[in-house]
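Visitor: Sharing upload08.tsv here; it has TSV, C-alpha atoms and all ligand atoms.
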chain	number	residue	atom	x	y	z
A	1	MET	CA	-16.23	13.02	-14.86
A	2	ALA	CA	-12.53	13.09	-15.43
A	3	ASP	CA	-10.93	10.68	-17.87
A	4	VAL	CA	-9.92	7.25	-16.76
A	5	ILE	CA	-6.93	5.75	-18.53
A	6	ALA	CA	-7.10	1.96	-18.79
A	7	LEU	CA	-4.10	-0.22	-19.54
A	8	THR	CA	-4.22	-3.96	-20.10
A	9	TYR	CA	-1.46	-6.56	-20.07
A	10	ASP	CA	-1.35	-10.25	-20.89
A	11	ILE	CA	0.90	-12.09	-18.48
A	12	SER	CA	2.50	-15.21	-19.89
A	13	PRO	CA	2.92	-18.24	-17.63
A	14	ASP	CA	6.30	-19.55	-16.44
A	15	ASP	CA	8.28	-16.76	-18.05
A	16	PHE	CA	10.36	-15.28	-15.25
A	17	THR	CA	12.50	-13.30	-17.63
A	18	ARG	CA	9.47	-11.24	-18.65
A	19	ALA	CA	7.92	-11.06	-15.22
A	20	GLY	CA	7.93	-7.47	-14.08
A	21	GLU	CA	7.63	-5.97	-17.56
A	22	ALA	CA	3.99	-5.00	-17.08
A	23	SER	CA	4.75	-3.42	-13.71
A	24	SER	CA	7.69	-1.53	-15.19
A	25	ASP	CA	5.52	-0.26	-18.01
A	26	VAL	CA	2.85	0.95	-15.58
A	27	LYS	CA	5.55	2.64	-13.55
A	28	SER	CA	6.78	4.66	-16.52
A	29	LYS	CA	3.23	5.55	-17.65
A	30	LEU	CA	2.40	6.82	-14.13
A	31	LYS	CA	5.55	8.91	-14.18
A	32	GLN	CA	4.47	10.44	-17.49
A	33	VAL	CA	1.08	11.49	-16.15
A	34	GLY	CA	2.69	13.05	-13.09
A	35	VAL	CA	1.69	10.66	-10.29
A	36	SER	CA	3.82	11.17	-7.13
A	37	PRO	CA	6.89	8.92	-6.70
A	38	ALA	CA	5.47	7.58	-3.40
A	39	ALA	CA	2.23	6.44	-5.04
A	40	ILE	CA	4.12	5.02	-8.03
A	41	ARG	CA	6.27	2.95	-5.71
A	42	LYS	CA	3.21	1.48	-3.98
A	43	VAL	CA	1.57	0.56	-7.28
A	44	ALA	CA	4.83	-0.86	-8.66
A	45	ILE	CA	5.47	-3.08	-5.63
A	46	ALA	CA	1.89	-4.35	-5.33
A	47	MET	CA	1.52	-5.01	-9.04
A	48	TYR	CA	4.88	-6.76	-9.37
A	49	GLU	CA	4.01	-9.16	-6.56
A	50	GLY	CA	0.67	-9.90	-8.18
A	51	GLU	CA	2.27	-10.29	-11.59
A	52	ILE	CA	4.89	-12.70	-10.23
A	53	ASN	CA	2.19	-14.73	-8.48
A	54	MET	CA	0.33	-15.10	-11.77
A	55	VAL	CA	3.54	-16.39	-13.37
A	56	ILE	CA	4.47	-18.77	-10.53
A	57	HIS	CA	1.19	-19.96	-9.09
A	58	ALA	CA	-1.32	-19.56	-11.93
A	59	GLU	CA	-1.07	-20.01	-15.69
A	60	GLY	CA	-0.51	-16.35	-16.37
A	61	GLY	CA	-3.51	-14.09	-16.85
A	62	LYS	CA	-4.54	-10.57	-17.50
A	63	ILE	CA	-3.88	-7.31	-15.64
A	64	THR	CA	-5.99	-4.20	-16.08
A	65	VAL	CA	-4.86	-0.90	-14.57
A	66	GLU	CA	-7.27	2.02	-14.35
A	67	ILE	CA	-5.77	5.40	-13.67
A	68	SER	CA	-8.02	8.24	-12.55
A	69	PRO	CA	-7.20	11.48	-10.76
A	70	GLU	CA	-8.39	9.98	-7.46
A	71	GLN	CA	-6.95	6.49	-7.52
A	72	ILE	CA	-5.21	3.70	-9.34
A	73	ARG	CA	-7.05	0.40	-9.52
A	74	MET	CA	-5.31	-2.84	-10.51
A	75	ILE	CA	-7.33	-5.89	-11.47
A	76	LEU	CA	-5.33	-9.11	-11.76
A	77	ALA	CA	-7.32	-11.99	-13.18
A	78	ASP	CA	-6.01	-15.50	-13.74
A	79	LYS	CA	-7.46	-18.89	-14.61
A	80	GLY	CA	-5.08	-20.73	-12.30
A	81	PRO	CA	-5.86	-23.29	-9.60
A	82	GLY	CA	-7.34	-20.79	-7.13
A	83	ILE	CA	-6.24	-20.29	-3.51
A	84	PRO	CA	-7.62	-22.97	-1.14
A	85	ASN	CA	-7.16	-20.96	2.05
A	86	VAL	CA	-6.87	-17.21	1.57
A	87	GLU	CA	-6.28	-16.45	5.24
A	88	GLN	CA	-3.32	-18.82	5.29
A	89	ALA	CA	-1.99	-17.50	1.97
A	90	MET	CA	-2.08	-13.95	3.37
A	91	GLN	CA	0.21	-14.92	6.26
A	92	ALA	CA	3.77	-13.62	5.98
A	93	GLY	CA	6.05	-16.55	5.14
A	94	TRP	CA	3.41	-18.93	3.79
A	95	SER	CA	4.42	-20.21	0.36
A	96	THR	CA	3.83	-23.18	-1.89
A	97	ALA	CA	6.45	-22.03	-4.40
A	98	PRO	CA	8.52	-24.93	-5.83
A	99	ASP	CA	12.27	-25.15	-5.20
A	100	GLU	CA	13.35	-24.06	-8.69
A	101	VAL	CA	11.40	-20.85	-8.18
A	102	ARG	CA	12.95	-20.34	-4.75
A	103	SER	CA	16.41	-20.61	-6.20
A	104	LEU	CA	15.60	-17.48	-8.22
A	105	GLY	CA	14.87	-15.57	-5.02
A	106	PHE	CA	11.09	-15.93	-5.06
A	107	GLY	CA	8.90	-17.84	-2.64
A	108	ALA	CA	9.45	-15.83	0.54
A	109	GLY	CA	5.71	-15.88	1.15
A	110	MET	CA	5.74	-12.08	1.37
A	111	GLY	CA	3.94	-11.29	-1.88
A	112	LEU	CA	0.35	-11.13	-0.72
A	113	PRO	CA	1.35	-9.36	2.55
A	114	ASN	CA	3.30	-6.80	0.48
A	115	MET	CA	0.28	-6.27	-1.76
A	116	LYS	CA	-1.87	-5.64	1.29
A	117	LYS	CA	0.70	-3.37	2.91
A	118	TYR	CA	1.22	-1.14	-0.11
A	119	THR	CA	-2.39	-0.67	-1.19
A	120	ASP	CA	-5.37	1.08	0.37
A	121	GLU	CA	-7.84	-1.61	-0.64
A	122	MET	CA	-7.35	-5.23	-1.61
A	123	ASN	CA	-9.94	-7.82	-2.45
A	124	ILE	CA	-9.34	-11.47	-3.38
A	125	GLU	CA	-11.96	-13.47	-5.23
A	126	THR	CA	-10.91	-17.03	-5.77
A	127	THR	CA	-12.57	-20.28	-6.79
A	128	LEU	CA	-10.73	-23.60	-6.78
A	129	GLY	CA	-10.17	-24.88	-10.28
A	130	VAL	CA	-11.53	-21.68	-11.83
A	131	GLY	CA	-9.11	-18.90	-10.98
A	132	THR	CA	-8.31	-15.88	-8.89
A	133	THR	CA	-9.09	-12.20	-9.33
A	134	ILE	CA	-7.31	-9.73	-7.10
A	135	THR	CA	-8.38	-6.10	-7.10
A	136	MET	CA	-6.18	-3.48	-5.46
A	137	VAL	CA	-6.60	0.26	-5.10
A	138	VAL	CA	-3.99	2.90	-4.35
A	139	LYS	CA	-5.54	6.25	-3.50
A	140	LEU	CA	-3.87	9.35	-4.87
B	1	MET	CA	26.60	10.31	-0.78
B	2	THR	CA	25.62	9.87	-4.40
B	3	VAL	CA	25.94	6.78	-6.58
B	4	GLY	CA	28.71	8.63	-8.42
B	5	ASP	CA	30.55	9.24	-5.11
B	6	LEU	CA	30.29	5.56	-4.25
B	7	ILE	CA	31.68	4.53	-7.63
B	8	GLY	CA	34.41	7.13	-7.25
B	9	LYS	CA	35.75	5.43	-4.13
B	10	GLY	CA	36.84	2.59	-6.39
B	11	ILE	CA	36.10	-0.21	-3.94
B	12	PHE	CA	33.42	-1.88	-6.02
B	13	GLN	CA	33.67	-3.08	-9.60
B	14	VAL	CA	31.32	-1.22	-11.91
B	15	VAL	CA	29.31	-3.79	-13.84
B	16	GLU	CA	26.78	-1.29	-15.12
B	17	GLU	CA	27.07	2.42	-14.43
B	18	GLY	CA	23.35	3.20	-14.62
B	19	ASP	CA	21.80	6.42	-15.81
B	20	ASP	CA	21.72	8.54	-12.66
B	21	LEU	CA	25.06	9.08	-10.93
B	22	SER	CA	23.60	11.99	-8.97
B	23	ARG	CA	21.11	9.69	-7.21
B	24	GLU	CA	21.53	9.90	-3.41
B	25	ILE	CA	22.19	6.80	-1.31
B	26	THR	CA	20.66	7.21	2.13
B	27	GLY	CA	20.68	3.66	3.49
B	28	ILE	CA	21.68	0.05	2.96
B	29	PHE	CA	19.57	-3.07	2.64
B	30	CYS	CA	20.71	-6.72	2.61
B	31	CYS	CA	18.56	-9.67	1.56
B	32	ASP	CA	18.34	-12.15	-1.30
B	33	LEU	CA	14.65	-12.92	-1.06
B	34	LEU	CA	13.06	-10.73	-3.69
B	35	SER	CA	9.75	-10.14	-1.93
B	36	VAL	CA	11.52	-9.18	1.27
B	37	ALA	CA	13.69	-6.69	-0.59
B	38	MET	CA	10.63	-5.50	-2.47
B	39	GLY	CA	8.65	-4.88	0.67
B	40	ARG	CA	11.37	-3.59	2.94
B	41	ALA	CA	14.27	-2.05	1.04
B	42	PRO	CA	13.87	1.70	1.48
B	43	SER	CA	13.89	3.66	-1.75
B	44	MET	CA	17.30	5.37	-2.20
B	45	SER	CA	19.11	2.50	-0.51
B	46	ALA	CA	22.08	0.50	-1.74
B	47	TRP	CA	20.81	-3.08	-2.02
B	48	VAL	CA	23.42	-5.76	-1.31
B	49	THR	CA	22.56	-9.25	-2.59
B	50	VAL	CA	24.06	-12.37	-4.17
B	51	MET	CA	21.12	-12.81	-6.52
B	52	GLY	CA	22.22	-11.73	-10.00
B	53	ASN	CA	19.28	-12.64	-12.20
B	54	VAL	CA	16.90	-10.54	-14.23
B	55	ASN	CA	14.39	-10.38	-11.38
B	56	THR	CA	16.94	-8.57	-9.24
B	57	ILE	CA	16.81	-5.71	-11.72
B	58	ALA	CA	13.01	-5.73	-11.81
B	59	VAL	CA	12.89	-5.45	-8.02
B	60	ALA	CA	15.60	-2.76	-7.97
B	61	THR	CA	13.63	-0.68	-10.45
B	62	LEU	CA	10.22	-1.16	-8.89
B	63	ALA	CA	11.36	-0.71	-5.28
B	64	ASP	CA	13.33	2.29	-6.52
B	65	VAL	CA	16.66	1.55	-4.83
B	66	SER	CA	19.67	3.68	-5.77
B	67	CYS	CA	22.00	0.86	-6.74
B	68	VAL	CA	22.53	-2.90	-6.53
B	69	ILE	CA	25.75	-4.37	-5.12
B	70	LEU	CA	26.41	-8.02	-5.99
B	71	ALA	CA	28.48	-9.44	-3.15
B	72	GLU	CA	30.41	-12.69	-2.74
B	73	ASN	CA	31.60	-12.57	-6.34
B	74	ALA	CA	28.08	-13.39	-7.51
B	75	GLN	CA	27.83	-13.15	-11.27
B	76	ALA	CA	25.11	-11.27	-13.07
B	77	ASP	CA	23.73	-13.43	-15.86
B	78	GLU	CA	23.35	-12.16	-19.43
B	79	MET	CA	19.69	-11.25	-19.10
B	80	CYS	CA	20.39	-9.41	-15.85
B	81	LEU	CA	23.05	-7.29	-17.56
B	82	THR	CA	20.82	-6.53	-20.51
B	83	ARG	CA	17.95	-5.47	-18.28
B	84	ALA	CA	20.19	-3.34	-16.05
B	85	LYS	CA	21.39	-1.48	-19.13
B	86	GLN	CA	17.84	-1.04	-20.47
B	87	GLN	CA	16.50	0.22	-17.16
B	88	GLY	CA	19.50	2.35	-16.29
B	89	VAL	CA	20.13	0.52	-13.03
B	90	THR	CA	23.55	0.91	-11.38
B	91	LEU	CA	25.07	-2.53	-10.80
B	92	LEU	CA	28.25	-2.90	-8.74
B	93	ALA	CA	30.14	-6.02	-7.65
B	94	THR	CA	32.64	-7.23	-5.09
B	95	GLU	CA	34.29	-10.43	-3.86
B	96	GLU	CA	33.50	-9.39	-0.29
B	97	PRO	CA	30.71	-11.18	1.59
B	98	VAL	CA	27.40	-9.37	2.01
B	99	PHE	CA	28.11	-8.08	5.51
B	100	GLU	CA	31.54	-6.67	4.69
B	101	ALA	CA	30.25	-5.04	1.50
B	102	ALA	CA	27.39	-3.43	3.41
B	103	LEU	CA	29.75	-2.33	6.18
B	104	LYS	CA	31.93	-0.53	3.66
B	105	VAL	CA	28.97	1.41	2.36
B	106	HIS	CA	27.88	2.09	5.93
B	107	ASP	CA	31.31	3.48	6.81
B	108	MET	CA	31.18	5.76	3.81
B	109	LEU	CA	27.73	6.99	4.76
B	110	HIS	CA	28.42	7.47	8.45
B	111	GLY	CA	32.16	7.35	8.85
C	1	LIG	N1	-2.75	-16.06	-8.27
C	1	LIG	C1	-2.62	-17.12	-7.46
C	1	LIG	N2	-3.15	-18.32	-7.79
C	1	LIG	C2	-3.03	-19.38	-6.99
C	1	LIG	N3	-2.38	-19.36	-5.80
C	1	LIG	C3	-1.82	-18.21	-5.41
C	1	LIG	C4	-1.90	-17.03	-6.21
C	1	LIG	N4	-1.26	-16.03	-5.56
C	1	LIG	C5	-0.80	-16.56	-4.41
C	1	LIG	N5	-1.13	-17.87	-4.31
C	1	LIG	C6	-0.84	-18.78	-3.17
C	1	LIG	O1	-0.57	-18.01	-2.02
C	1	LIG	C7	0.74	-18.30	-1.52
C	1	LIG	C8	1.36	-17.05	-0.92
C	1	LIG	O2	1.60	-16.08	-1.94
C	1	LIG	P1	2.73	-14.98	-1.71
C	1	LIG	O3	2.45	-14.28	-0.42
C	1	LIG	O4	2.83	-14.13	-2.93
C	1	LIG	O5	4.04	-15.85	-1.50
C	1	LIG	P2	4.97	-16.61	-2.56
C	1	LIG	O6	4.57	-16.14	-3.94
C	1	LIG	O7	6.34	-16.19	-2.20
C	1	LIG	O8	4.71	-18.07	-2.37
C	1	LIG	C9	1.48	-18.87	-2.70
C	1	LIG	O9	2.57	-19.68	-2.32
C	1	LIG	C10	0.39	-19.65	-3.40
C	1	LIG	O10	0.16	-20.90	-2.75
C	2	MG	MG	4.34	-14.20	-4.42
Let me see the file written as C-alpha cells.
Ligand SMILES: Nc1ncnc2c1ncn2[C@@H]1O[C@H](COP(=O)(O)OP(=O)(O)O)[C@@H](O)[C@H]1O
Ligand SMILES: [Mg+2]
Guide:
Amino acid sequence: MADVIALTYDISPDDFTRAGEASSDVKSKLKQVGVSPAAIRKVAIAMYEGEINMVIHAEGGKITVEISPEQIRMILADKGPGIPNVEQAMQAGWSTAPDEVRSLGFGAGMGLPNMKKYTDEMNIETTLGVGTTITMVVKL
Amino acid sequence: MTVGDLIGKGIFQVVEEGDDLSREITGIFCCDLLSVAMGRAPSMSAWVTVMGNVNTIAVATLADVSCVILAENAQADEMCLTRAKQQGVTLLATEEPVFEAALKVHDMLHG
C-alpha cells in the first residue's frame, strides 16, 4: 500500500487571528506533493470552514489530515457543545454565531453547506455536551 | 487582464502588491460575508469587499482569488496587512463604493 501522510493541528479556541493557519498549511503541503489546484481548493475551503466552526462554535479542537494517492481525508474533532439539530445546522443561512463574530464577516450560515458542497463525503458525529467530529473526504 | 495590468491602470491604491503580478483576473465577485465569498467567489476573480481583517486574507488565499479590492475606503487592519504580505496576496483599495469599484474592473475586463 502506498504511503499515507498524516498531518495534525491543534486549533485554539476564540483566536480568529490564527483561524485559517491550519488550512493554509495544508494547502501548501498539498501543493508540494503535487495535488491538483482544483482538489487543493476543495480541501482548503472545506477545512477552513470546519476550522472556523471549531473556533467560533466549539472550544477549539484537533484536525487530522490524511493524504493518500487516492484521497484526502480531514477529521475535525472538538469537545464543544455538540450540534442539537444537524439537519437544521446544514441548512444554508442557519447560524447561531454571536454578533461580535458576525461583525468580522462570519456567521453567514454557509459553512456546513460549503463543506458538503466541496467534498465527496461528509459525516457528522455529534453528541450534546460531548463534542462533534466531522469527517470529510475529497477524492483525487 | 493580469493583476499587474489592473495595478497599471492606476485607479486603485496599491496597499500590498502581492507576489504574482502575472496572475490572470477572469471575473469579479462582491460580498462581505466570508463563507459566501469562500463558497462562491470563482478562483481567479477580483474580490471586492469592505471587510479588511485578517480573515479576509485567509479566505482570499484559500478560495484562490487573484486579488482583493477594499472598497468604500475600508481600512485594512495591521494584522490583515501583515498576513497579506506573508501570503503574497494582492490588496488594492479605493474610496468608491463596492458596485462602482466592481464596475470599473468589469469595464476593464469587457470594455
Ligand atoms: N463544531 C461545531 N460545534 C457546535 N456547533 C456547530 C459546530 N459547527 C457548526 N455548528 C452549528 O451549526 C451552525 C451552522 O454552521 P455553519 O453552516 O458553519 O454556519 P455559521 O458558522 O456561519 O454559523 C452554527 O451556527 C452552529 O450553531
Ligand atoms: Mg461556520
Visitor: May I ask you to extract the residues of chain A within 9 Å of chain B, using only C-alpha atoms, and to give them as a PDB file with C-alpha atoms, keeping the file's coordinate frame?
Guide:
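Final output, saved to selection-v1.pdb:
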ATOM      1  CA  PHE A  16      10.360 -15.280 -15.250  1.00  0.00           C
ATOM      2  CA  THR A  17      12.500 -13.300 -17.630  1.00  0.00           C
ATOM      3  CA  ARG A  18       9.470 -11.240 -18.650  1.00  0.00           C
ATOM      4  CA  ALA A  19       7.920 -11.060 -15.220  1.00  0.00           C
ATOM      5  CA  GLY A  20       7.930  -7.470 -14.080  1.00  0.00           C
ATOM      6  CA  GLU A  21       7.630  -5.970 -17.560  1.00  0.00           C
ATOM      7  CA  SER A  23       4.750  -3.420 -13.710  1.00  0.00           C
ATOM      8  CA  SER A  24       7.690  -1.530 -15.190  1.00  0.00           C
ATOM      9  CA  LYS A  27       5.550   2.640 -13.550  1.00  0.00           C
ATOM     10  CA  ILE A  40       4.120   5.020  -8.030  1.00  0.00           C
ATOM     11  CA  ARG A  41       6.270   2.950  -5.710  1.00  0.00           C
ATOM     12  CA  LYS A  42       3.210   1.480  -3.980  1.00  0.00           C
ATOM     13  CA  VAL A  43       1.570   0.560  -7.280  1.00  0.00           C
ATOM     14  CA  ALA A  44       4.830  -0.860  -8.660  1.00  0.00           C
ATOM     15  CA  ILE A  45       5.470  -3.080  -5.630  1.00  0.00           C
ATOM     16  CA  TYR A  48       4.880  -6.760  -9.370  1.00  0.00           C
ATOM     17  CA  GLU A  49       4.010  -9.160  -6.560  1.00  0.00           C
ATOM     18  CA  ARG A 102      12.950 -20.340  -4.750  1.00  0.00           C
ATOM     19  CA  LEU A 104      15.600 -17.480  -8.220  1.00  0.00           C
ATOM     20  CA  GLY A 105      14.870 -15.570  -5.020  1.00  0.00           C
ATOM     21  CA  PHE A 106      11.090 -15.930  -5.060  1.00  0.00           C
ATOM     22  CA  GLY A 107       8.900 -17.840  -2.640  1.00  0.00           C
ATOM     23  CA  ALA A 108       9.450 -15.830   0.540  1.00  0.00           C
ATOM     24  CA  GLY A 109       5.710 -15.880   1.150  1.00  0.00           C
ATOM     25  CA  MET A 110       5.740 -12.080   1.370  1.00  0.00           C
ATOM     26  CA  GLY A 111       3.940 -11.290  -1.880  1.00  0.00           C
ATOM     27  CA  PRO A 113       1.350  -9.360   2.550  1.00  0.00           C
ATOM     28  CA  ASN A 114       3.300  -6.800   0.480  1.00  0.00           C
ATOM     29  CA  MET A 115       0.280  -6.270  -1.760  1.00  0.00           C
ATOM     30  CA  LYS A 117       0.700  -3.370   2.910  1.00  0.00           C
ATOM     31  CA  TYR A 118       1.220  -1.140  -0.110  1.00  0.00           C
TER      32      TYR A 118
END
Visitor: Counting all atoms listed in the file, name the residues that have an atom within 7 Å of an atom of ligand LIG 1 (chain C); the answer should be given as an mmCIF file with C-alpha atoms, keeping the file's coordinate frame.
Guide:
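Writing the result to pocket_5.cif gives the following:
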data_model
loop_
_atom_site.group_PDB
_atom_site.id
_atom_site.type_symbol
_atom_site.label_atom_id
_atom_site.label_comp_id
_atom_site.auth_asym_id
_atom_site.auth_seq_id
_atom_site.Cartn_x
_atom_site.Cartn_y
_atom_site.Cartn_z
ATOM 1 C CA GLU A 49 4.010 -9.160 -6.560
ATOM 2 C CA GLY A 50 0.670 -9.900 -8.180
ATOM 3 C CA ASN A 53 2.190 -14.730 -8.480
ATOM 4 C CA MET A 54 0.330 -15.100 -11.770
ATOM 5 C CA HIS A 57 1.190 -19.960 -9.090
ATOM 6 C CA ALA A 58 -1.320 -19.560 -11.930
ATOM 7 C CA ASP A 78 -6.010 -15.500 -13.740
ATOM 8 C CA GLY A 80 -5.080 -20.730 -12.300
ATOM 9 C CA PRO A 81 -5.860 -23.290 -9.600
ATOM 10 C CA GLY A 82 -7.340 -20.790 -7.130
ATOM 11 C CA ILE A 83 -6.240 -20.290 -3.510
ATOM 12 C CA ALA A 89 -1.990 -17.500 1.970
ATOM 13 C CA MET A 90 -2.080 -13.950 3.370
ATOM 14 C CA ALA A 92 3.770 -13.620 5.980
ATOM 15 C CA GLY A 93 6.050 -16.550 5.140
ATOM 16 C CA TRP A 94 3.410 -18.930 3.790
ATOM 17 C CA SER A 95 4.420 -20.210 0.360
ATOM 18 C CA THR A 96 3.830 -23.180 -1.890
ATOM 19 C CA ALA A 97 6.450 -22.030 -4.400
ATOM 20 C CA PHE A 106 11.090 -15.930 -5.060
ATOM 21 C CA GLY A 107 8.900 -17.840 -2.640
ATOM 22 C CA ALA A 108 9.450 -15.830 0.540
ATOM 23 C CA GLY A 109 5.710 -15.880 1.150
ATOM 24 C CA MET A 110 5.740 -12.080 1.370
ATOM 25 C CA GLY A 111 3.940 -11.290 -1.880
ATOM 26 C CA LEU A 112 0.350 -11.130 -0.720
ATOM 27 C CA PRO A 113 1.350 -9.360 2.550
ATOM 28 C CA GLY A 131 -9.110 -18.900 -10.980
ATOM 29 C CA THR A 132 -8.310 -15.880 -8.890
ATOM 30 C CA SER B 35 9.750 -10.140 -1.930
#
Visitor: Specify the axis-aligned box that encloses all atoms of range 91-108 of chain B listed in the file after padding of 8 Å on each side, stating its centre and edge lengths in Å to one decimal as AutoDock Vina command-line options.
Guide:
--center_x 29.7 --center_y -2.7 --center_z -2.0 --size_x 25.2 --size_y 32.9 --size_z 33.6
Visitor: Give me, please, the distance in Å between CA of Asn73 in chain B and CA of Val55 in chain A, quoted to one decimal.
Guide: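 Result for CA of Asn73 in chain B versus CA of Val55 in chain A: 29.2 Å, one decimal.
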Visitor: What does the structure give for the distance between CA of Asp10 in chain A and CA of Pro37 in chain A, in Å to one decimal?
Guide: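 Result for CA of Asp10 in chain A versus CA of Pro37 in chain A: 25.2 Å, one decimal.
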Visitor: Report, in Å to a single decimal, how far apart CA of Met122 in chain A and CA of Met136 in chain A are.
Guide: 4.4 Å
Visitor: Counting all atoms listed in the file, what is within 12 Å of Val35 in chain A, bar same-chain residues fewer than 6 positions away, as a list of chain:residue names?
Guide: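 Neighbouring residues, sequence-local ones excluded: A:Val26, A:Lys27, A:Ser28, A:Lys29, A:Arg41, A:Lys42, A:Val43, A:Ile67, A:Ser68, A:Pro69, A:Glu70, A:Gln71, A:Ile72, A:Val138, A:Lys139, A:Leu140.
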Visitor: Please work out which residues fall within 6 Å of (22.5, -0.1, -1.4), coordinates as given in the file, with only C-alpha atoms counting, and return them as a list of chain:residue names.
Guide: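 With a cut-off of 6 Å, the residues come to B:Ile28, B:Phe29, B:Ser45, B:Ala46, B:Trp47, B:Val48, B:Cys67, B:Val68.
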Visitor: Choose the residue, out of B:Thr49, B:Ala93, B:Leu103, B:Met108, that has the smallest atom-to-atom separation from Glu17 in chain B; count all atoms listed in the file.
Guide: B:Ala93
Visitor: Measuring atom to atom with all atoms listed in the file, identify which of A:Ile124, A:Val130, A:Val101, A:Ile52 is nearest to Ser12 in chain A.
Guide: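 Of the candidates, the smallest distance to Ser12 in chain A is held by A:Ile52.
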Visitor: Counting all atoms listed in the file, which residue out of B:Val65, B:Val105, B:Ala71, B:Ala76 sits closest to Ile7 in chain B?
Guide: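 The shortest atom-to-atom distance to Ile7 in chain B comes from B:Val105.
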Visitor: Which is closer to ligand MG 2 (chain C) than all the others in A:Ala6, A:Val65, A:Leu128, A:Ile56, using all atoms listed in the file?
Guide: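 Checking each of A:Ala6, A:Val65, A:Leu128, A:Ile56 against ligand MG 2 (chain C), counting all atoms listed in the file, the winner is A:Ile56.
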Visitor: Between A:Asn85, A:Ala77, A:Thr127, A:Ala46, which has the minimum distance to ligand MG 2 (chain C) (counting all atoms listed in the file)?
Guide: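 Counting all atoms listed in the file, the residue closest to ligand MG 2 (chain C) is A:Ala46.
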Visitor: With all atoms listed in the file as the atoms that count, which of A:Val4, A:Leu76, A:Val86, A:Ala39 lies nearest to Ile63 in chain A?
Guide: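 Answer, going by the shortest atom-to-atom distance: A:Leu76.
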